[in-house]
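Undergrad: Structure: upload-v1.cif, mmCIF, C-alpha atoms.
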```
data_start
loop_
_atom_site.label_atom_id
_atom_site.label_comp_id
_atom_site.auth_asym_id
_atom_site.auth_seq_id
_atom_site.Cartn_x
_atom_site.Cartn_y
_atom_site.Cartn_z
CA MET A 1061 -68.77 -192.30 96.55
CA LYS A 1062 -69.80 -191.28 93.03
CA LEU A 1063 -66.62 -189.24 92.70
CA LYS A 1064 -64.51 -192.27 93.63
CA VAL A 1065 -66.27 -194.37 90.99
CA VAL A 1066 -65.65 -191.70 88.38
CA VAL A 1067 -61.98 -191.40 89.34
CA VAL A 1068 -61.47 -195.17 89.27
CA THR A 1069 -63.25 -195.41 85.92
CA VAL A 1070 -61.11 -192.66 84.43
CA LEU A 1071 -57.94 -194.30 85.73
CA LEU A 1072 -58.94 -197.69 84.33
CA VAL A 1073 -59.77 -196.18 80.94
CA ALA A 1074 -56.47 -194.29 80.93
CA ALA A 1075 -54.54 -197.44 81.85
CA LEU A 1076 -56.32 -199.45 79.15
CA SER A 1077 -55.67 -196.76 76.55
CA TYR A 1078 -52.01 -196.63 77.52
CA TYR A 1079 -51.73 -200.41 77.17
CA ILE A 1080 -53.49 -200.47 73.80
CA TYR A 1081 -51.77 -197.45 72.30
CA THR A 1082 -48.92 -198.19 69.93
CA PRO A 1083 -47.41 -195.46 67.73
CA LEU A 1084 -48.32 -196.20 64.13
CA PRO A 1085 -47.36 -194.56 60.83
CA ASP A 1086 -49.77 -191.94 59.53
CA ALA A 1087 -50.44 -194.03 56.41
CA ILE A 1088 -52.12 -196.78 58.45
CA GLN A 1089 -55.88 -196.54 58.07
CA GLU A 1090 -58.06 -197.07 61.15
CA PRO A 1091 -55.05 -197.09 63.49
CA TRP A 1092 -57.03 -197.70 66.66
CA LYS A 1093 -58.52 -200.88 65.20
CA LEU A 1094 -55.02 -202.14 64.45
CA MET A 1095 -53.87 -201.15 67.94
CA VAL A 1096 -56.71 -203.21 69.46
CA VAL A 1097 -55.78 -206.24 67.35
CA ASP A 1098 -52.12 -205.88 68.31
CA ALA A 1099 -52.99 -205.45 71.99
CA GLY A 1100 -55.01 -208.66 71.79
CA PHE A 1101 -52.04 -210.54 70.38
CA ARG A 1102 -49.69 -209.08 73.00
CA THR A 1103 -52.10 -210.02 75.80
CA ALA A 1104 -52.37 -213.58 74.52
CA MET A 1105 -48.57 -213.87 74.34
CA ASN A 1106 -48.03 -212.34 77.79
CA LEU A 1107 -50.60 -214.57 79.48
CA ALA A 1108 -49.26 -217.63 77.69
CA THR A 1109 -45.71 -216.79 78.78
CA LEU A 1110 -46.90 -216.45 82.39
CA LYS A 1111 -48.63 -219.86 82.27
CA HIS A 1112 -45.47 -221.34 80.74
CA GLN A 1113 -43.32 -219.92 83.54
CA LEU A 1114 -45.73 -221.33 86.12
CA GLY A 1115 -45.44 -224.75 84.50
CA LEU A 1116 -49.11 -224.85 83.56
CA ASP A 1117 -48.80 -225.17 79.79
CA HIS A 1118 -46.41 -224.56 76.90
CA TYR A 1119 -46.89 -220.95 75.83
CA ILE A 1120 -47.40 -221.91 72.17
CA THR A 1121 -50.25 -224.23 73.15
CA SER A 1122 -51.84 -221.48 75.25
CA VAL A 1123 -51.67 -218.98 72.40
CA ARG A 1124 -53.17 -221.52 70.02
CA HIS A 1125 -56.13 -222.02 72.35
CA THR A 1126 -56.62 -218.26 72.58
CA LEU A 1127 -56.53 -217.84 68.80
CA GLU A 1128 -58.96 -220.71 68.32
CA GLY A 1129 -61.31 -219.12 70.83
CA PHE A 1130 -61.03 -215.77 69.08
CA ASP A 1131 -61.81 -217.32 65.71
CA SER A 1132 -64.86 -219.10 67.13
CA THR A 1133 -66.08 -215.85 68.66
CA VAL A 1134 -65.64 -213.92 65.42
CA THR A 1135 -67.47 -216.63 63.48
CA ALA A 1136 -70.35 -216.48 65.97
CA LEU A 1137 -70.50 -212.67 65.71
CA GLN A 1138 -70.58 -212.86 61.94
CA GLY A 1139 -73.74 -214.91 62.18
CA SER A 1140 -74.91 -216.62 59.03
CA GLU A 1141 -72.91 -219.12 57.01
CA SER A 1142 -72.73 -216.73 54.08
CA THR A 1143 -70.89 -214.12 56.10
CA ALA A 1144 -68.76 -216.83 57.68
CA GLY A 1145 -67.31 -217.63 54.27
CA VAL A 1146 -69.09 -220.88 53.39
CA VAL A 1147 -69.45 -221.08 49.60
CA PRO A 1148 -72.33 -223.30 48.49
CA GLY A 1149 -71.22 -226.08 46.22
CA VAL A 1150 -67.54 -226.18 47.17
CA LYS A 1151 -66.74 -229.71 48.31
CA VAL A 1152 -64.39 -229.87 51.30
CA SER A 1153 -62.50 -233.03 52.23
CA ASP A 1154 -60.02 -233.64 55.04
CA ILE A 1155 -57.65 -236.34 53.83
CA THR A 1156 -53.92 -237.06 53.68
CA PHE A 1157 -51.34 -236.61 50.91
CA ALA A 1158 -48.36 -238.90 51.53
CA ARG A 1159 -49.49 -239.16 55.18
CA ILE A 1160 -49.57 -235.36 55.52
CA PRO A 1161 -52.99 -233.96 56.58
CA VAL A 1162 -54.52 -231.71 53.93
CA ARG A 1163 -57.86 -230.10 53.27
CA VAL A 1164 -58.99 -230.27 49.65
CA TYR A 1165 -61.46 -227.75 48.21
CA GLU A 1166 -63.15 -228.79 44.96
CA PRO A 1167 -65.12 -226.24 42.93
CA PRO A 1168 -68.86 -226.80 42.40
CA ALA A 1169 -68.47 -227.11 38.62
CA GLY A 1170 -65.99 -229.09 36.58
CA GLY A 1171 -65.61 -226.35 33.99
CA GLU A 1172 -67.90 -228.04 31.45
CA GLY A 1173 -65.45 -230.79 30.67
CA HIS A 1174 -62.34 -228.61 30.83
CA LEU A 1175 -59.45 -229.24 33.19
CA ARG A 1176 -59.26 -227.14 36.31
CA ARG A 1177 -56.55 -225.12 38.00
CA GLY A 1178 -54.68 -226.47 41.02
CA LEU A 1179 -53.31 -224.51 44.00
CA MET A 1180 -51.37 -225.74 47.01
CA TYR A 1181 -51.56 -223.21 49.85
CA LEU A 1182 -49.32 -223.07 52.92
CA HIS A 1183 -50.65 -221.01 55.81
CA GLY A 1184 -48.62 -218.54 57.87
CA GLY A 1185 -48.15 -218.32 61.62
CA GLY A 1186 -44.43 -218.26 62.37
CA TRP A 1187 -44.10 -222.05 61.85
CA ALA A 1188 -45.88 -222.33 65.23
CA PHE A 1189 -49.47 -221.20 64.78
CA GLY A 1190 -52.25 -221.39 62.27
CA SER A 1191 -54.31 -223.86 60.28
CA GLY A 1192 -55.69 -223.79 56.79
CA LYS A 1193 -58.97 -225.12 58.14
CA VAL A 1194 -60.09 -222.01 60.00
CA GLY A 1195 -60.50 -218.27 59.66
CA ILE A 1196 -59.38 -216.35 56.61
CA TYR A 1197 -57.45 -219.32 55.22
CA ASP A 1198 -60.57 -221.47 55.00
CA LYS A 1199 -62.61 -218.57 53.59
CA MET A 1200 -59.96 -217.68 51.04
CA SER A 1201 -59.58 -221.28 49.87
CA ARG A 1202 -63.33 -221.61 49.40
CA MET A 1203 -63.49 -218.32 47.50
CA ILE A 1204 -60.56 -219.18 45.20
CA SER A 1205 -61.96 -222.65 44.54
CA ASP A 1206 -65.33 -221.21 43.56
CA GLU A 1207 -64.27 -218.05 41.69
CA LEU A 1208 -61.34 -219.52 39.78
CA ASN A 1209 -62.63 -223.08 39.32
CA THR A 1210 -59.61 -224.31 41.25
CA VAL A 1211 -58.85 -227.37 43.31
CA VAL A 1212 -57.18 -225.91 46.40
CA VAL A 1213 -55.06 -228.07 48.68
CA SER A 1214 -54.32 -226.53 52.09
CA VAL A 1215 -51.49 -228.34 53.85
CA GLU A 1216 -51.54 -228.95 57.61
CA TYR A 1217 -47.77 -229.21 58.04
CA ARG A 1218 -46.41 -229.89 61.53
CA LEU A 1219 -45.56 -226.94 63.77
CA PHE A 1220 -43.26 -225.88 66.60
CA PRO A 1221 -42.87 -227.06 69.37
CA GLU A 1222 -43.79 -230.51 68.11
CA VAL A 1223 -41.15 -230.30 65.37
CA HIS A 1224 -38.39 -228.01 64.10
CA PHE A 1225 -36.78 -227.36 60.72
CA PRO A 1226 -36.61 -229.18 58.37
CA GLU A 1227 -39.75 -231.17 59.27
CA PRO A 1228 -42.35 -228.54 58.19
CA PHE A 1229 -40.48 -228.12 54.91
CA LEU A 1230 -40.32 -231.89 54.37
CA ASP A 1231 -44.05 -232.20 55.10
CA CYS A 1232 -44.81 -229.60 52.43
CA VAL A 1233 -42.48 -231.20 49.88
CA ALA A 1234 -44.08 -234.61 50.45
CA ALA A 1235 -47.57 -233.14 50.02
CA ALA A 1236 -46.46 -231.24 46.91
CA LYS A 1237 -44.99 -234.32 45.22
CA HIS A 1238 -48.17 -236.26 45.92
CA PHE A 1239 -50.33 -233.41 44.60
CA LEU A 1240 -48.27 -233.14 41.39
CA SER A 1241 -48.43 -236.87 40.66
CA ALA A 1242 -50.22 -237.85 37.46
CA GLU A 1243 -52.67 -239.98 39.42
CA VAL A 1244 -53.81 -237.18 41.74
CA LEU A 1245 -53.98 -234.56 39.01
CA ALA A 1246 -56.15 -236.90 36.94
CA LYS A 1247 -58.35 -237.72 39.92
CA TYR A 1248 -59.20 -234.05 40.45
CA ALA A 1249 -59.21 -233.15 36.73
CA ILE A 1250 -56.40 -230.61 37.15
CA ASP A 1251 -54.47 -229.20 34.21
CA PRO A 1252 -50.81 -230.19 34.89
CA GLU A 1253 -49.68 -226.92 33.30
CA ARG A 1254 -51.77 -224.79 35.67
CA VAL A 1255 -50.68 -225.74 39.17
CA ALA A 1256 -49.46 -223.15 41.68
CA VAL A 1257 -47.85 -223.11 45.11
CA SER A 1258 -48.58 -220.21 47.43
CA GLY A 1259 -48.32 -219.11 51.04
CA ASP A 1260 -48.09 -216.14 53.34
CA SER A 1261 -45.41 -215.17 55.87
CA ALA A 1262 -43.91 -218.44 57.19
CA GLY A 1263 -46.08 -220.17 54.60
CA GLY A 1264 -44.53 -217.92 51.96
CA ASN A 1265 -41.13 -219.12 53.15
CA LEU A 1266 -42.21 -222.73 52.73
CA ALA A 1267 -43.83 -222.04 49.36
CA ALA A 1268 -40.62 -220.48 48.00
CA ALA A 1269 -38.51 -223.34 49.37
CA VAL A 1270 -40.88 -225.97 47.97
CA ALA A 1271 -40.92 -224.23 44.58
CA GLN A 1272 -37.12 -224.38 44.49
CA GLU A 1273 -37.04 -228.02 45.57
CA ILE A 1274 -39.59 -229.15 42.98
CA SER A 1275 -38.03 -227.03 40.22
CA THR A 1276 -34.64 -228.68 40.62
CA ASP A 1277 -35.95 -232.24 41.06
CA ASP A 1278 -35.41 -234.00 37.75
CA SER A 1279 -37.60 -236.89 38.88
CA MET A 1280 -40.69 -234.66 38.80
CA SER A 1281 -42.44 -234.74 35.43
CA VAL A 1282 -44.96 -232.11 36.51
CA LYS A 1283 -43.80 -228.97 38.30
CA PHE A 1284 -45.45 -225.84 39.60
CA SER A 1285 -46.17 -223.31 36.88
CA VAL A 1286 -46.35 -220.31 39.23
CA GLN A 1287 -45.47 -219.39 42.80
CA ALA A 1288 -47.35 -216.71 44.73
CA LEU A 1289 -45.59 -215.43 47.84
CA ILE A 1290 -47.36 -213.13 50.28
CA TYR A 1291 -45.01 -211.13 52.56
CA PRO A 1292 -42.64 -214.12 52.78
CA ALA A 1293 -39.83 -214.61 55.33
CA LEU A 1294 -36.83 -215.57 53.21
CA GLN A 1295 -33.63 -215.12 55.22
CA ALA A 1296 -32.38 -215.11 58.82
CA LEU A 1297 -28.91 -213.62 58.45
CA ASP A 1298 -29.66 -209.89 58.40
CA PHE A 1299 -32.16 -208.50 60.88
CA ASN A 1300 -31.06 -204.96 60.12
CA THR A 1301 -32.38 -204.48 56.61
CA PRO A 1302 -34.16 -201.13 56.17
CA SER A 1303 -37.57 -202.73 56.70
CA TYR A 1304 -36.44 -204.56 59.85
CA VAL A 1305 -35.06 -201.34 61.31
CA GLN A 1306 -37.93 -199.11 60.19
CA ASN A 1307 -40.60 -201.49 61.49
CA HIS A 1308 -38.78 -202.97 64.49
CA ASN A 1309 -41.67 -202.08 66.84
CA MET A 1310 -44.49 -202.34 64.30
CA ALA A 1311 -47.83 -203.79 65.35
CA ILE A 1312 -48.66 -207.44 64.60
CA LEU A 1313 -45.07 -208.46 63.81
CA SER A 1314 -42.11 -206.77 65.49
CA ARG A 1315 -38.48 -207.62 64.81
CA GLN A 1316 -38.15 -209.28 68.21
CA VAL A 1317 -41.12 -211.57 67.53
CA MET A 1318 -39.85 -212.46 64.05
CA VAL A 1319 -36.42 -213.32 65.43
CA GLN A 1320 -38.07 -215.52 68.06
CA PHE A 1321 -40.04 -217.33 65.34
CA TRP A 1322 -36.82 -218.00 63.43
CA LEU A 1323 -35.01 -219.32 66.50
CA GLN A 1324 -37.89 -221.64 67.33
CA TYR A 1325 -38.11 -222.89 63.76
CA LEU A 1326 -34.39 -223.59 63.54
CA GLY A 1327 -34.28 -225.28 66.96
CA ALA A 1328 -31.98 -222.68 68.48
CA ASP A 1329 -31.77 -221.31 72.01
CA ILE A 1330 -34.09 -218.31 72.44
CA SER A 1331 -31.51 -216.67 74.70
CA VAL A 1332 -29.36 -215.76 71.68
CA GLU A 1333 -32.06 -213.43 70.35
CA PRO A 1334 -30.02 -210.25 71.15
CA GLN A 1335 -27.11 -211.68 69.16
CA LEU A 1336 -29.30 -212.05 66.09
CA ILE A 1337 -30.82 -208.59 66.42
CA ALA A 1338 -27.26 -207.22 66.50
CA ASN A 1339 -26.32 -209.33 63.42
CA ASN A 1340 -23.55 -210.98 65.42
CA HIS A 1341 -24.37 -214.35 63.90
CA SER A 1342 -23.44 -213.08 60.42
CA ALA A 1343 -20.14 -211.49 61.44
CA MET A 1344 -17.41 -211.01 58.83
CA GLN A 1345 -15.22 -213.65 60.48
CA GLN A 1346 -17.71 -216.38 59.59
CA LEU A 1347 -15.88 -218.37 56.90
CA ALA A 1348 -19.03 -220.30 55.98
CA LEU A 1349 -20.70 -217.03 55.01
CA THR A 1350 -18.75 -216.40 51.82
CA SER A 1351 -18.79 -213.19 49.84
CA GLU A 1352 -20.96 -214.96 47.27
CA LEU A 1353 -23.56 -215.85 49.89
CA ARG A 1354 -23.47 -212.33 51.31
CA SER A 1355 -24.15 -210.89 47.86
CA ARG A 1356 -27.37 -212.90 47.66
CA LEU A 1357 -28.90 -210.85 50.48
CA ASP A 1358 -27.01 -207.59 50.06
CA TRP A 1359 -29.81 -205.08 50.28
CA THR A 1360 -27.49 -202.20 49.35
CA THR A 1361 -27.44 -203.57 45.79
CA LEU A 1362 -30.74 -205.46 45.63
CA LEU A 1363 -33.04 -202.67 46.85
CA THR A 1364 -33.85 -199.42 45.08
CA GLN A 1365 -33.16 -196.09 46.76
CA LYS A 1366 -36.85 -195.77 47.56
CA PHE A 1367 -36.49 -198.60 50.06
CA LYS A 1368 -32.86 -198.14 51.10
CA LYS A 1369 -33.62 -194.60 52.21
CA SER A 1370 -30.86 -193.37 54.53
CA TYR A 1371 -30.24 -196.68 56.30
CA THR A 1372 -26.76 -198.18 56.52
CA PRO A 1373 -25.75 -201.87 56.77
CA VAL A 1374 -25.00 -203.34 60.19
CA VAL A 1375 -21.84 -205.41 59.76
CA VAL A 1376 -20.11 -207.05 62.72
CA GLU A 1377 -16.46 -208.09 62.55
CA ARG A 1378 -16.35 -210.93 65.09
CA ASP A 1379 -18.86 -213.40 66.52
CA SER A 1380 -17.79 -214.94 69.81
CA HIS A 1381 -20.77 -217.32 69.94
CA GLY A 1382 -20.21 -219.37 66.76
CA LEU A 1383 -23.93 -219.41 66.03
CA LEU A 1384 -23.66 -220.51 62.40
CA LYS A 1385 -21.85 -223.67 63.48
CA LYS A 1386 -24.31 -224.35 66.27
CA VAL A 1387 -27.35 -223.68 64.07
CA PRO A 1388 -26.55 -224.77 60.48
CA GLY A 1389 -30.13 -224.02 59.46
CA PHE A 1390 -29.19 -220.35 59.10
CA LEU A 1391 -27.29 -221.20 55.90
CA ASP A 1392 -29.66 -223.86 54.57
CA VAL A 1393 -31.49 -222.72 51.42
CA ARG A 1394 -34.44 -224.88 52.48
CA SER A 1395 -34.99 -222.50 55.39
CA SER A 1396 -33.69 -219.36 53.66
CA PRO A 1397 -34.68 -219.44 49.97
CA LEU A 1398 -33.06 -216.05 49.36
CA LEU A 1399 -29.66 -217.77 49.68
CA ALA A 1400 -30.27 -220.03 46.67
CA GLY A 1401 -27.82 -219.68 43.80
CA PRO A 1402 -28.78 -218.12 40.46
CA GLU A 1403 -28.71 -221.54 38.80
CA VAL A 1404 -31.51 -222.66 41.14
CA LEU A 1405 -33.55 -219.48 40.81
CA ALA A 1406 -33.38 -219.68 37.01
CA LYS A 1407 -35.36 -222.94 37.15
CA CYS A 1408 -38.10 -221.54 39.41
CA PRO A 1409 -41.61 -220.82 38.14
CA ARG A 1410 -42.75 -217.28 37.41
CA ALA A 1411 -43.67 -215.47 40.55
CA TYR A 1412 -46.08 -213.11 42.26
CA ILE A 1413 -44.68 -211.42 45.36
CA LEU A 1414 -46.76 -209.22 47.66
CA THR A 1415 -45.01 -206.85 50.07
CA CYS A 1416 -46.12 -204.16 52.51
CA GLU A 1417 -44.36 -200.98 53.54
CA TYR A 1418 -44.96 -201.45 57.25
CA ASP A 1419 -43.64 -204.98 57.56
CA VAL A 1420 -40.26 -206.20 58.79
CA LEU A 1421 -40.32 -208.75 55.94
CA ARG A 1422 -40.82 -206.19 53.17
CA ASP A 1423 -37.19 -206.28 52.03
CA ASP A 1424 -37.02 -210.08 52.02
CA GLY A 1425 -39.74 -210.10 49.36
CA LEU A 1426 -38.27 -207.20 47.40
CA MET A 1427 -34.80 -208.75 47.33
CA TYR A 1428 -36.16 -212.11 46.23
CA ALA A 1429 -38.13 -210.46 43.43
CA ARG A 1430 -34.97 -208.75 42.22
CA ARG A 1431 -32.88 -211.94 42.37
CA LEU A 1432 -35.52 -213.94 40.51
CA GLN A 1433 -35.68 -211.27 37.82
CA ASP A 1434 -31.89 -211.21 37.55
CA ALA A 1435 -32.04 -214.99 37.01
CA GLY A 1436 -34.50 -214.52 34.14
CA VAL A 1437 -37.73 -215.39 35.97
CA SER A 1438 -40.85 -213.33 35.28
CA VAL A 1439 -41.98 -211.59 38.49
CA ALA A 1440 -45.11 -209.57 39.25
CA SER A 1441 -44.80 -207.43 42.39
CA ASP A 1442 -47.66 -205.97 44.40
CA TYR A 1443 -46.44 -203.41 46.92
CA TYR A 1444 -48.89 -201.75 49.35
CA GLU A 1445 -47.69 -198.42 50.72
CA ASP A 1446 -50.33 -198.53 53.47
CA GLY A 1447 -49.97 -202.25 54.11
CA PHE A 1448 -48.79 -204.05 57.24
CA HIS A 1449 -47.79 -207.63 57.95
CA GLY A 1450 -50.74 -209.97 58.07
CA CYS A 1451 -53.15 -207.51 56.45
CA LEU A 1452 -54.49 -210.25 54.17
CA SER A 1453 -55.85 -211.96 57.30
CA PHE A 1454 -58.01 -208.96 58.18
CA THR A 1455 -60.70 -208.86 55.52
CA SER A 1456 -63.82 -209.77 57.51
CA TRP A 1457 -65.84 -207.87 60.09
CA PRO A 1458 -65.13 -206.94 62.85
CA MET A 1459 -61.39 -206.83 62.11
CA ASP A 1460 -61.50 -205.81 58.47
CA PHE A 1461 -59.11 -203.35 56.84
CA ASP A 1462 -59.44 -201.87 53.39
CA VAL A 1463 -55.80 -202.64 52.56
CA GLY A 1464 -56.40 -206.28 53.44
CA LYS A 1465 -59.38 -206.46 51.09
CA ARG A 1466 -57.37 -204.81 48.31
CA ALA A 1467 -54.45 -207.17 48.87
CA LEU A 1468 -56.69 -210.24 48.78
CA ARG A 1469 -58.42 -209.06 45.61
CA GLY A 1470 -55.07 -208.28 43.98
CA PHE A 1471 -53.79 -211.76 44.80
CA VAL A 1472 -56.90 -213.50 43.48
CA ASN A 1473 -56.96 -211.35 40.32
CA TRP A 1474 -53.34 -212.25 39.60
CA LEU A 1475 -54.14 -215.94 39.93
CA GLN A 1476 -57.14 -215.45 37.65
CA ASN A 1477 -54.95 -213.92 34.95
CA ASN A 1478 -51.80 -215.98 35.35
CA LEU A 1479 -52.70 -219.47 36.49
#
```
Let me see the file written as structure tokens.

TA:
Amino acid sequence: MKLKVVVVTVLLVAALSYYIYTPLPDAIQEPWKLMVVDAGFRTAMNLATLKHQLGLDHYITSVRHTLEGFDSTVTALQGSESTAGVVPGVKVSDITFARIPVRVYEPPAGGEGHLRRGLMYLHGGGWAFGSGKVGIYDKMSRMISDELNTVVVSVEYRLFPEVHFPEPFLDCVAAAKHFLSAEVLAKYAIDPERVAVSGDSAGGNLAAAVAQEISTDDSMSVKFSVQALIYPALQALDFNTPSYVQNHNMAILSRQVMVQFWLQYLGADISVEPQLIANNHSAMQQLALTSELRSRLDWTTLLTQKFKKSYTPVVVERDSHGLLKKVPGFLDVRSSPLLAGPEVLAKCPRAYILTCEYDVLRDDGLMYARRLQDAGVSVASDYYEDGFHGCLSFTSWPMDFDVGKRALRGFVNWLQNNL
């Protein structure tokens, strides 16, 4: 009997290890911790998909509930309010800006009569998950508000499946215009020359798009002075850039998952995912995709050899599905800021762009940095050779990574010196 128990235990442990194990690059620190996090995400997605297929719940809703439960558990494990990220003195208010829900963080001191910084932050989550009110986003906003004497506005833009593009973008633009109004800036004692827009991942996409929109809007008397983009998603026409190919099965965010996020955001049929992975949607026959547009995301000229490595472009001659006509969002600069013309980029505020080596979105950020610089915009780039997508979200026990802590500190330090 004891032997049977031992055998069963060994088999269960082996099966669990096999499920959790994901090959990771040698540069990743604490790989087993990252494997556990990734396995947790995969489990949540798989269970949610099963419930969706059984007609019990939409899989996005199921994953949201799982993530909310995880965050509550982590907060309980962390114990005291100090370790949970609550900063004494920071005033937190849940209100609306132009009917868009936002959370406003006001620093404990007014700066002894001086005007304060302002920061609008847009959370990540594939345009489907996340909230600025919980987890690392809430902690980071409190910390920035306190350390940098900054009024932080975290926008609760609408998500898939409730809405598709361009609604999340429009929510963020509406909130931004309200935030930048003279009345609101005066109310919160914010210096109109020291207001930033920032975001990570899908939020980085929205931040870049909002920065472009505000920069080219002549009706806006106050505009963002800086933009800070953290591993942003900036284009959906080439899913075979070196970083997409190199990291196609990387933990946390694989190419397949990123493509699915894009399809959901743009309101497209998920069944065409293989067509996007093969770059069929950006075939040479597509007349709408002019040579000028192609040059704006041509990684063979926009990336340095360090990142191009030995990869070659994936170019398809013909697309039998006509995806660009069916889904015009692929070519819309509001969804893909990397496609903006140089005349638009030249008006954008100076930028901070954070990228990670082990991230499918690495090259999106690197190409955007290059295009902004070519347009005459000052760009500061932070590149983490041991970084992975989402690392900034893993800075607190029990899922804390050194690279995440370094990335967060680098981001905050840049704001301290440049905003």

Undergrad: Which residues fall under the PyMOL selection byres ((chain A and resi 1290-1307) around 6) in this file, as a list in words?

TA: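 Here the PyMOL selection byres ((chain A and resi 1290-1307) around 6) matches Asp1260, Ser1261, Ala1262, Gly1264, Asn1265, Leu1289, His1308, Asn1309, Met1310, Ile1337, Ser1342, Tyr1371, Ser1396, Pro1397, Leu1398, Ile1413, Leu1414, Thr1415, Val1420, Leu1421, Arg1422, Asp1423 and Asp1424 of chain A.
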
Undergrad: Run the PyMOL selection byres ((chain A and resi 1112-1127) around 12) against the file shown and list the residues it catches, as number ranges by chain.

TA: A: 1097, 1100-1111, 1128-1134, 1185-1191, 1194-1195, 1219-1222, 1321, 1324

Undergrad: Could you list the residues chosen by the PyMOL selection byres ((chain A and resi 1353) around 10) in this structure as a short mmCIF file (atom, residue, chain, number, x, y, z; two decimals) with C-alpha atoms, in the coordinates of the input?

TA:
```cif
data_model
loop_
_atom_site.label_atom_id
_atom_site.label_comp_id
_atom_site.auth_asym_id
_atom_site.auth_seq_id
_atom_site.Cartn_x
_atom_site.Cartn_y
_atom_site.Cartn_z
CA ALA A 1348 -19.03 -220.30 55.98
CA LEU A 1349 -20.70 -217.03 55.01
CA THR A 1350 -18.75 -216.40 51.82
CA SER A 1351 -18.79 -213.19 49.84
CA GLU A 1352 -20.96 -214.96 47.27
CA ARG A 1354 -23.47 -212.33 51.31
CA SER A 1355 -24.15 -210.89 47.86
CA ARG A 1356 -27.37 -212.90 47.66
CA LEU A 1357 -28.90 -210.85 50.48
CA ASP A 1358 -27.01 -207.59 50.06
CA LEU A 1391 -27.29 -221.20 55.90
CA LEU A 1398 -33.06 -216.05 49.36
CA LEU A 1399 -29.66 -217.77 49.68
CA ALA A 1400 -30.27 -220.03 46.67
CA GLY A 1401 -27.82 -219.68 43.80
#
```

Undergrad: Point out the residue among A:Lys1385, A:Lys1247, A:Arg1469, A:Arg1394 with the least atom-to-atom distance to Val1211 of chain A, counting all atoms listed in the file.

TA: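 Of all the options, A:Lys1247 lies closest to Val1211 of chain A.
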
Undergrad: Do you know which residues are at most 8 Å from Gly1327 of chain A counting only C-alpha atoms, after dropping those on the same chain fewer than 4 positions away, and could you put them as a PyMOL selection string?

TA: chain A and resi 1224-1225+1323+1387

Undergrad: With C-alpha atoms retained, write the just-selected residues as a PDB file, in the frame of the given file.

TA:
```
ATOM      1  CA  HIS A1224     -38.390-228.010  64.100  1.00  0.00           C
ATOM      2  CA  PHE A1225     -36.780-227.360  60.720  1.00  0.00           C
ATOM      3  CA  LEU A1323     -35.010-219.320  66.500  1.00  0.00           C
ATOM      4  CA  VAL A1387     -27.350-223.680  64.070  1.00  0.00           C
TER       5      VAL A1387
END
```

Undergrad: Distance atom CA of Ser1258 of chain A-atom CA of Met1180 of chain A, one decimal place?

TA: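 Between atom CA of Ser1258 of chain A and atom CA of Met1180 of chain A the gap is 6.2 Å.
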
Undergrad: For Thr1364 of chain A, which residue out of A:Arg1430, A:Tyr1443, A:Val1404, A:Val1213 is the nearest one, using all atoms listed in the file?

TA: A:Arg1430

Undergrad: Work out how far atom CA of Ala1338 of chain A is from atom CA of Gln1316 of chain A, in Å to one decimal.

TA: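 A separation of 11.2 Å between them.
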
Undergrad: Taking into account all atoms listed in the file, which residue in the set A:His1381, A:Ala1467, A:Leu1240, A:Met1427 is nearest to Tyr1444 of chain A?

TA: A:Ala1467

Undergrad: When you draw a straight line from atom CA of Ala1246 of chain A to atom CA of Gly1178 of chain A, how long is it in Å?

TA: 11.3 Å

Undergrad: Which residues, written as a list of chain:residue names, have at least one atom at most 6 Å from His1183 of chain A, with all atoms listed in the file counted and residues fewer than 2 positions away on the same chain left out?

TA: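 Listed by chain and then number, they are A:Gly1192, A:Gly1259, A:Gly1263.
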
Undergrad: Kindly indicate which residue among A:Lys1386, A:Gly1149, A:Ile1312, A:Ser1456 lies nearest to Asp1206 of chain A, using only C-alpha atoms for the distances.

TA: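 Among the listed residues, the smallest separation from Asp1206 of chain A belongs to A:Gly1149.
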
Undergrad: Quick one: residues within 8 Å of Val1212 of chain A, only C-alpha atoms, excluding same-chain residues fewer than 5 positions away - as a compact mmCIF listing (two decimals) with C-alpha atoms, in the coordinates of the input?

TA:
```txt
# COMPACT_ATOMS: atom_id res chain seq x y z
CA VAL A 1164 -58.99 -230.27 49.65
CA TYR A 1165 -61.46 -227.75 48.21
CA GLU A 1166 -63.15 -228.79 44.96
CA GLY A 1178 -54.68 -226.47 41.02
CA LEU A 1179 -53.31 -224.51 44.00
CA MET A 1180 -51.37 -225.74 47.01
CA TYR A 1181 -51.56 -223.21 49.85
CA SER A 1201 -59.58 -221.28 49.87
CA ILE A 1204 -60.56 -219.18 45.20
CA SER A 1205 -61.96 -222.65 44.54
```
